[in-house]
Structure formats: C-alpha cells, structure tokens
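Content type CSV, C-alpha atoms and all ligand atoms, from the file protein03.csv:
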```csv
chain,number,residue,atom,x,y,z
A,353,MET,CA,93.4,12.0,10.9
A,354,ASN,CA,94.4,9.4,8.3
A,355,ARG,CA,95.5,6.1,9.8
A,356,LYS,CA,95.7,2.5,8.6
A,357,PHE,CA,94.9,-0.5,10.8
A,358,GLY,CA,95.5,-3.6,8.6
A,359,ASN,CA,92.9,-3.3,5.9
A,360,ILE,CA,90.9,-0.6,7.8
A,361,VAL,CA,91.6,3.1,7.1
A,362,VAL,CA,90.1,5.7,9.5
A,363,ARG,CA,90.3,9.2,8.2
A,364,ASP,CA,88.6,12.6,8.5
A,365,ALA,CA,85.2,12.7,6.7
A,366,HIS,CA,84.9,15.3,3.8
A,367,GLU,CA,81.8,16.8,2.5
A,368,ARG,CA,82.0,14.6,-0.6
A,369,ASP,CA,81.6,11.6,1.7
A,370,THR,CA,78.2,12.6,2.9
A,371,LEU,CA,76.2,10.4,0.6
A,372,SER,CA,78.2,7.3,1.5
A,373,VAL,CA,77.9,8.2,5.2
A,374,ILE,CA,74.2,8.5,5.1
A,375,ARG,CA,74.0,5.2,3.1
A,376,VAL,CA,76.0,3.5,5.9
A,377,HIS,CA,73.7,5.0,8.5
A,378,PHE,CA,70.6,3.7,6.6
A,379,ASP,CA,72.0,0.3,6.2
A,380,SER,CA,73.2,0.0,9.8
A,381,VAL,CA,69.9,1.2,11.2
A,382,HIS,CA,67.7,-0.9,8.9
A,383,TYR,CA,69.7,-4.1,8.9
A,384,VAL,CA,71.6,-4.2,12.2
A,385,ALA,CA,69.5,-2.1,14.8
A,386,SER,CA,66.4,-3.6,13.1
A,387,LYS,CA,66.6,-6.5,15.5
A,388,ASP,CA,65.8,-4.2,18.5
A,389,TYR,CA,63.3,-1.6,17.1
A,390,PRO,CA,60.1,-1.6,15.2
A,391,ILE,CA,60.0,-0.3,11.6
A,392,GLU,CA,58.2,3.0,12.5
A,393,ILE,CA,61.2,3.9,14.7
A,394,LEU,CA,63.8,2.7,12.1
A,395,ASP,CA,62.1,4.8,9.4
A,396,GLU,CA,62.3,8.0,11.5
A,397,TRP,CA,65.7,7.3,12.9
A,398,SER,CA,67.1,6.8,9.4
A,399,PRO,CA,64.9,7.9,6.5
A,400,PRO,CA,66.0,7.2,2.9
A,401,VAL,CA,68.7,9.5,1.4
A,402,SER,CA,67.4,12.9,0.4
A,403,GLU,CA,68.6,16.4,-0.2
A,404,GLU,CA,67.1,17.3,3.2
A,405,ARG,CA,68.9,14.5,5.0
A,406,ILE,CA,72.2,15.6,3.4
A,407,LYS,CA,71.7,19.2,4.5
A,408,LYS,CA,70.7,18.1,8.1
A,409,PHE,CA,73.8,15.9,8.4
A,410,LEU,CA,76.2,18.6,7.3
A,411,ILE,CA,75.0,20.9,10.1
A,412,ASN,CA,74.4,18.3,12.9
A,413,GLY,CA,76.7,20.0,15.4
A,414,ALA,CA,79.5,17.3,15.4
A,415,ASP,CA,82.9,19.0,15.2
A,416,VAL,CA,84.8,15.7,14.6
A,417,LYS,CA,83.6,13.4,11.8
A,418,LEU,CA,85.6,10.3,10.9
A,419,VAL,CA,84.9,7.6,8.2
A,420,ALA,CA,86.2,4.0,8.2
A,421,GLU,CA,87.1,2.4,4.8
A,422,LEU,CA,87.5,-1.3,4.2
A,423,ASN,CA,89.3,-2.0,1.0
A,424,GLY,CA,88.6,1.5,-0.2
A,425,ASP,CA,84.8,1.5,0.6
A,426,ILE,CA,83.3,3.6,3.3
A,427,VAL,CA,81.7,1.1,5.7
A,428,GLY,CA,81.5,3.0,9.0
A,429,PHE,CA,81.6,6.4,10.5
A,430,GLY,CA,81.7,8.1,13.9
A,431,GLU,CA,81.3,11.6,15.3
A,432,LEU,CA,82.2,13.7,18.4
A,433,LEU,CA,80.6,16.8,19.8
A,434,THR,CA,83.6,17.7,22.0
A,435,LYS,CA,82.0,20.7,23.7
A,436,LYS,CA,79.3,18.4,25.0
A,437,ASN,CA,81.7,15.6,25.9
A,438,GLN,CA,79.6,13.6,23.6
A,439,LEU,CA,80.2,10.6,21.3
A,440,GLY,CA,77.7,11.6,18.6
A,441,ALA,CA,77.4,8.4,16.6
A,442,VAL,CA,79.1,5.2,15.6
A,443,TYR,CA,77.6,3.2,12.7
A,444,VAL,CA,79.0,0.2,10.8
A,445,SER,CA,77.3,-1.3,7.7
A,446,SER,CA,75.7,-4.6,8.1
A,447,SER,CA,78.1,-6.3,5.7
A,448,ALA,CA,81.1,-5.1,7.7
A,449,ILE,CA,80.1,-5.6,11.4
A,450,GLY,CA,82.1,-7.9,13.7
A,451,GLN,CA,85.5,-7.1,12.1
A,452,GLY,CA,86.7,-4.5,14.7
A,453,ILE,CA,85.7,-1.5,12.7
A,454,GLY,CA,83.4,0.0,15.4
A,455,ARG,CA,86.1,-0.5,18.0
A,456,THR,CA,88.7,1.2,15.7
A,457,ILE,CA,86.5,4.2,15.0
A,458,VAL,CA,85.8,4.7,18.8
A,459,MET,CA,89.5,4.3,19.6
A,460,CYS,CA,90.3,7.1,17.1
A,461,LEU,CA,87.5,9.3,18.4
A,462,GLU,CA,88.8,8.8,21.9
A,463,GLU,CA,92.3,9.7,20.9
A,464,ILE,CA,91.1,13.0,19.4
A,465,ALA,CA,88.9,13.7,22.4
A,466,LYS,CA,91.9,13.2,24.8
A,467,GLN,CA,94.1,15.5,22.6
A,468,LYS,CA,91.4,18.1,23.0
A,469,GLY,CA,91.4,17.7,26.8
A,470,VAL,CA,88.0,16.1,27.0
A,471,PRO,CA,88.0,14.2,30.4
A,472,PHE,CA,85.1,11.8,29.6
A,473,LEU,CA,82.7,10.9,26.8
A,474,GLN,CA,79.0,10.2,27.2
A,475,MET,CA,76.2,9.2,24.9
A,476,GLU,CA,72.8,7.9,24.6
A,477,SER,CA,73.4,4.5,23.0
A,478,SER,CA,70.9,2.4,21.1
A,479,VAL,CA,69.9,-0.8,22.8
A,480,THR,CA,71.7,-2.5,19.9
A,481,ALA,CA,75.1,-0.9,20.5
A,482,SER,CA,75.1,-0.9,24.3
A,483,PRO,CA,76.9,-4.3,24.7
A,484,PHE,CA,79.5,-3.1,22.2
A,485,TYR,CA,80.2,0.0,24.2
A,486,GLN,CA,80.3,-2.0,27.4
A,487,LYS,CA,82.9,-4.2,25.8
A,488,ILE,CA,85.1,-1.2,25.1
A,489,GLY,CA,84.9,0.3,28.5
A,490,TYR,CA,81.7,2.4,28.7
A,491,GLN,CA,79.6,2.1,31.8
A,492,VAL,CA,75.8,2.1,31.8
A,493,LEU,CA,74.5,5.1,33.7
A,494,ALA,CA,70.8,4.6,33.1
A,495,HIS,CA,68.2,3.1,30.8
A,496,GLY,CA,65.9,5.8,29.3
A,497,VAL,CA,64.0,6.8,26.2
A,498,HIS,CA,65.0,9.1,23.4
A,499,VAL,CA,62.2,11.3,21.9
A,500,LEU,CA,62.2,11.6,18.1
A,501,ASP,CA,61.0,14.7,16.4
A,502,SER,CA,57.5,13.2,15.8
A,503,GLY,CA,57.1,12.4,19.5
A,504,GLN,CA,57.8,8.7,19.0
A,505,THR,CA,60.1,7.3,21.7
A,506,MET,CA,62.9,4.8,21.4
A,507,SER,CA,64.7,2.9,24.2
A,508,CYS,CA,68.2,4.1,24.8
A,509,VAL,CA,71.0,3.5,27.3
A,510,LYS,CA,72.9,6.5,28.8
A,511,MET,CA,76.6,5.5,28.9
A,512,ARG,CA,79.9,7.1,29.9
A,513,LYS,CA,83.6,6.5,29.9
A,514,ASP,CA,86.1,8.5,32.0
A,515,PHE,CA,89.6,9.0,30.8
A,516,LEU,CA,92.6,8.8,33.2
A,517,VAL,CA,94.3,12.1,33.5
B,601,LIG,C1,77.4,-1.3,17.4
B,601,LIG,C2,78.3,-1.3,16.2
B,601,LIG,C3,78.8,0.1,15.9
B,601,LIG,C4,79.5,-2.2,16.5
B,601,LIG,O1,80.4,-2.2,15.4
B,601,LIG,P1,81.3,-3.5,15.0
B,601,LIG,O2,82.3,-3.0,14.0
B,601,LIG,O3,80.4,-4.6,14.6
B,601,LIG,O4,82.0,-3.8,16.4
B,601,LIG,P2,83.5,-4.4,16.6
B,601,LIG,O5,83.6,-5.6,15.6
B,601,LIG,O6,84.5,-3.4,16.6
B,601,LIG,O7,83.3,-5.1,18.0
B,601,LIG,C5,84.2,-4.7,19.1
B,601,LIG,C6,83.8,-5.7,20.3
B,601,LIG,O8,82.5,-5.5,20.7
B,601,LIG,C7,81.8,-6.8,20.6
B,601,LIG,N1,80.4,-6.5,20.1
B,601,LIG,C8,80.1,-5.8,19.0
B,601,LIG,N2,78.7,-5.7,18.9
B,601,LIG,C9,78.3,-6.4,19.9
B,601,LIG,C10,76.9,-6.8,20.3
B,601,LIG,N3,75.8,-6.4,19.7
B,601,LIG,N4,76.8,-7.5,21.5
B,601,LIG,C11,77.9,-8.0,22.2
B,601,LIG,N5,79.2,-7.6,21.8
B,601,LIG,C12,79.3,-6.9,20.7
B,601,LIG,C13,82.5,-7.6,19.5
B,601,LIG,O9,82.3,-9.0,19.7
B,601,LIG,C14,84.0,-7.2,19.8
B,601,LIG,O10,84.5,-7.9,20.9
B,601,LIG,P3,85.8,-8.8,20.8
B,601,LIG,O11,86.9,-7.8,20.6
B,601,LIG,O12,85.9,-9.5,22.1
B,601,LIG,O13,85.6,-9.7,19.7
B,601,LIG,C15,77.5,-1.8,15.0
B,601,LIG,O14,77.0,-3.1,15.3
B,601,LIG,C16,76.4,-1.0,14.5
B,601,LIG,O15,76.6,-0.1,13.7
B,601,LIG,N6,75.2,-1.2,15.1
B,601,LIG,C17,73.9,-0.6,14.6
B,601,LIG,C18,73.9,0.9,14.7
B,601,LIG,C19,73.9,1.5,16.1
B,601,LIG,O16,73.0,1.1,16.9
B,601,LIG,N7,74.8,2.4,16.3
B,601,LIG,C20,75.0,3.1,17.6
B,601,LIG,C21,74.1,4.3,17.6
B,601,LIG,S1,74.2,5.0,19.3
```
Give the structure from the file, written as structure tokens.
Amino acid sequence: MNRKFGNIVVRDAHERDTLSVIRVHFDSVHYVASKDYPIEILDEWSPPVSEERIKKFLINGADVKLVAELNGDIVGFGELLTKKNQLGAVYVSSSAIGQGIGRTIVMCLEEIAKQKGVPFLQMESSVTASPFYQKIGYQVLAHGVHVLDSGQTMSCVKMRKDFLV
C-alpha cells in the first residue's frame, strides 16, 4: 500500500522504519496514553528504544504493518494479525493526534483485511483509545485487564467491528 490522503501518506512499513515506529510508540504511550495509566505501566508497555525492542518488534507476529507520514515524517503506525482477525496496534505521536491520522490508518488496515477475506476485526484496546474506536464503528464487548510480562495488569477494552459481506 502507498496512498495519499491530503498531506497524510499511508504506506507499507519497511524494516528501515523500525526505529521511527518504536519512537512513535514510545511518544504515544508516554505522552497520550499517560493520562490513563500509571508510569510503571507506561514503562513496561513502551520501554525506551533498544536493540532488544527492535528485535522484538520485527517478530511480533503482525503480517500487515503500515506507517503514516505527515509532511514526510513518520507520525503513526498500525498493524494487523489477519489470521487472528486482530487489529494489532494503532499509535499516533502526541504532536500529530486529532488530525485524522488514526482514522486513516484504521481505514487502510480495514481495507486490507477485507481484501484478505477477514469478516471482522477485534482487539484489546487501551482505555485511552476506546472512544476513538467507538467513533469509527467498533463495539465494546467487555472491559477487562491485560497482563503484562512482569505480571502487572492494565485495564483494557475488548472491541470488535463486523464487516458487511
Ligand atoms: C487513539 C489514537 C490512535 C487516535 O488517533 P488520532 O489520530 O488522534 O485520531 P483521529 O484524529 O483519526 O480521530 C478520529 C475520530 O475519533 C475521535 N477521537 C480520537 N481520539 C478520541 C478520544 N480519546 N476520545 C474521543 N474521541 C476521540 C476524533 O475526535 C475523531 O472524531 P471526528 O472525526 O468526529 O473529529 C491516538 O490518540 C493514540 O495513539 N493514542 C495513544 C496510544 C493508544 O492507546 N493506542 C491504542 C493502543 S490499543
């Protein structure tokens, strides 16, 4: 994919984008989701950039990875795990939120999912992103907790959107 929506470009992520993508993740977690979670959770959810994080990201199981560029800079990304009907992640940098970038990334991921014959997408949303997903057609299935590797738990919202066949 490589599509332009005004000054936003959404395209396939390449391995060389990994550092920028992790920086977006860090910024988005520590400066946007920070209003809903304590620092201990944010630190485990998005640790600083390291070789280990880069390796982990490259083998995270997502088969579709898109980045969004605004004026040439990577400011957002999103992922799909199509075999699991799962929207893996959508993150937008704090300096770029509220400009339609998240919505554009999800629209592109949904388009790809539909082309692959995926009948619905589900995910465990952060509390922060849940109103955003509801705005773009996702339904709340349940409120729950996500267990991080250390055993810490963070609130999440199980959500789903069915596609018309
Ligand atoms: C959630 C997130 C991806 C939204 O990205 P964004 O680019 O700011 O969203 P958009 O500008 O495309 O917003 C699309 C619509 O959702 C609404 N929206 C976005 N965030 C919202 C929020 N927190 N509460 C209510 N509505 C929200 C917008 O107002 C917009 O509605 P409109 O078309 O009527 O104006 C971004 O805020 C983010 O990265 N959050 C932190 C990381 C995170 O928790 N990611 C999800 C992990 S599961």
inquiry  = Let me see if you get this right: every residue at most 9 Å from ligand LIG 601 (chain B), counting only C-alpha atoms and all ligand atoms, written as a ChimeraX atom specification.
reply    = /A:376-377,379-386,428-430,439-446,448-458,475-488,508-509
request  = May I ask which of the residues A:Ile393, A:Ala414, A:Met353, A:Ile374 is the closest one to His498 in chain A, counting only C-alpha atoms?
outcome  = A:Ile393
message = Need to verify the contact set: Glu396 in chain A, 9 Å, all atoms listed in the file, exclusion of same-chain residues closer than 5 positions in sequence. Can you return it as a PyMOL selection string?
response = chain A and resi 391+500-502+504
Selected residues written out, C-alpha atoms, as a PDB file, in the frame of the given file:
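result_28.pdb was written with the following content:
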```
ATOM      1  CA  ILE A 391      60.000  -0.300  11.600  1.00  0.00           C
ATOM      2  CA  LEU A 500      62.200  11.600  18.100  1.00  0.00           C
ATOM      3  CA  ASP A 501      61.000  14.700  16.400  1.00  0.00           C
ATOM      4  CA  SER A 502      57.500  13.200  15.800  1.00  0.00           C
ATOM      5  CA  GLN A 504      57.800   8.700  19.000  1.00  0.00           C
TER       6      GLN A 504
END
```
key: Atom-to-atom span, CA of Asn423 in chain A and CA of Met459 in chain A, Å   =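 The value is 19.6 Å.
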key: Between CA of Asp415 in chain A and CA of Phe515 in chain A, distance in Å (one decimal)   =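 Taking CA of Asp415 in chain A as the start and CA of Phe515 in chain A as the end point, the length is 19.7 Å.
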request  = Rank A:Phe378, A:Thr370, A:Pro400, A:Tyr490 by their smallest atom-to-atom distance to Lys510 in chain A, using all atoms listed in the file, and report the top residue only.
outcome  =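 The shortest atom-to-atom distance to Lys510 in chain A comes from A:Tyr490.
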key: For Glu367 in chain A, the nearest of the candidates A:Leu432, A:Leu394, A:Ala494, A:Val419, counting all atoms listed in the file   = A:Val419
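Nearest residue to Lys468 in chain A among A:Glu431, A:Val416, A:His495, A:Arg512 is A:Val416, counting all atoms listed in the file.
Shortest atom-to-atom contact with Val373 in chain A among A:Val499, A:Val470, A:Leu418, A:Val361: A:Leu418, counting all atoms listed in the file.
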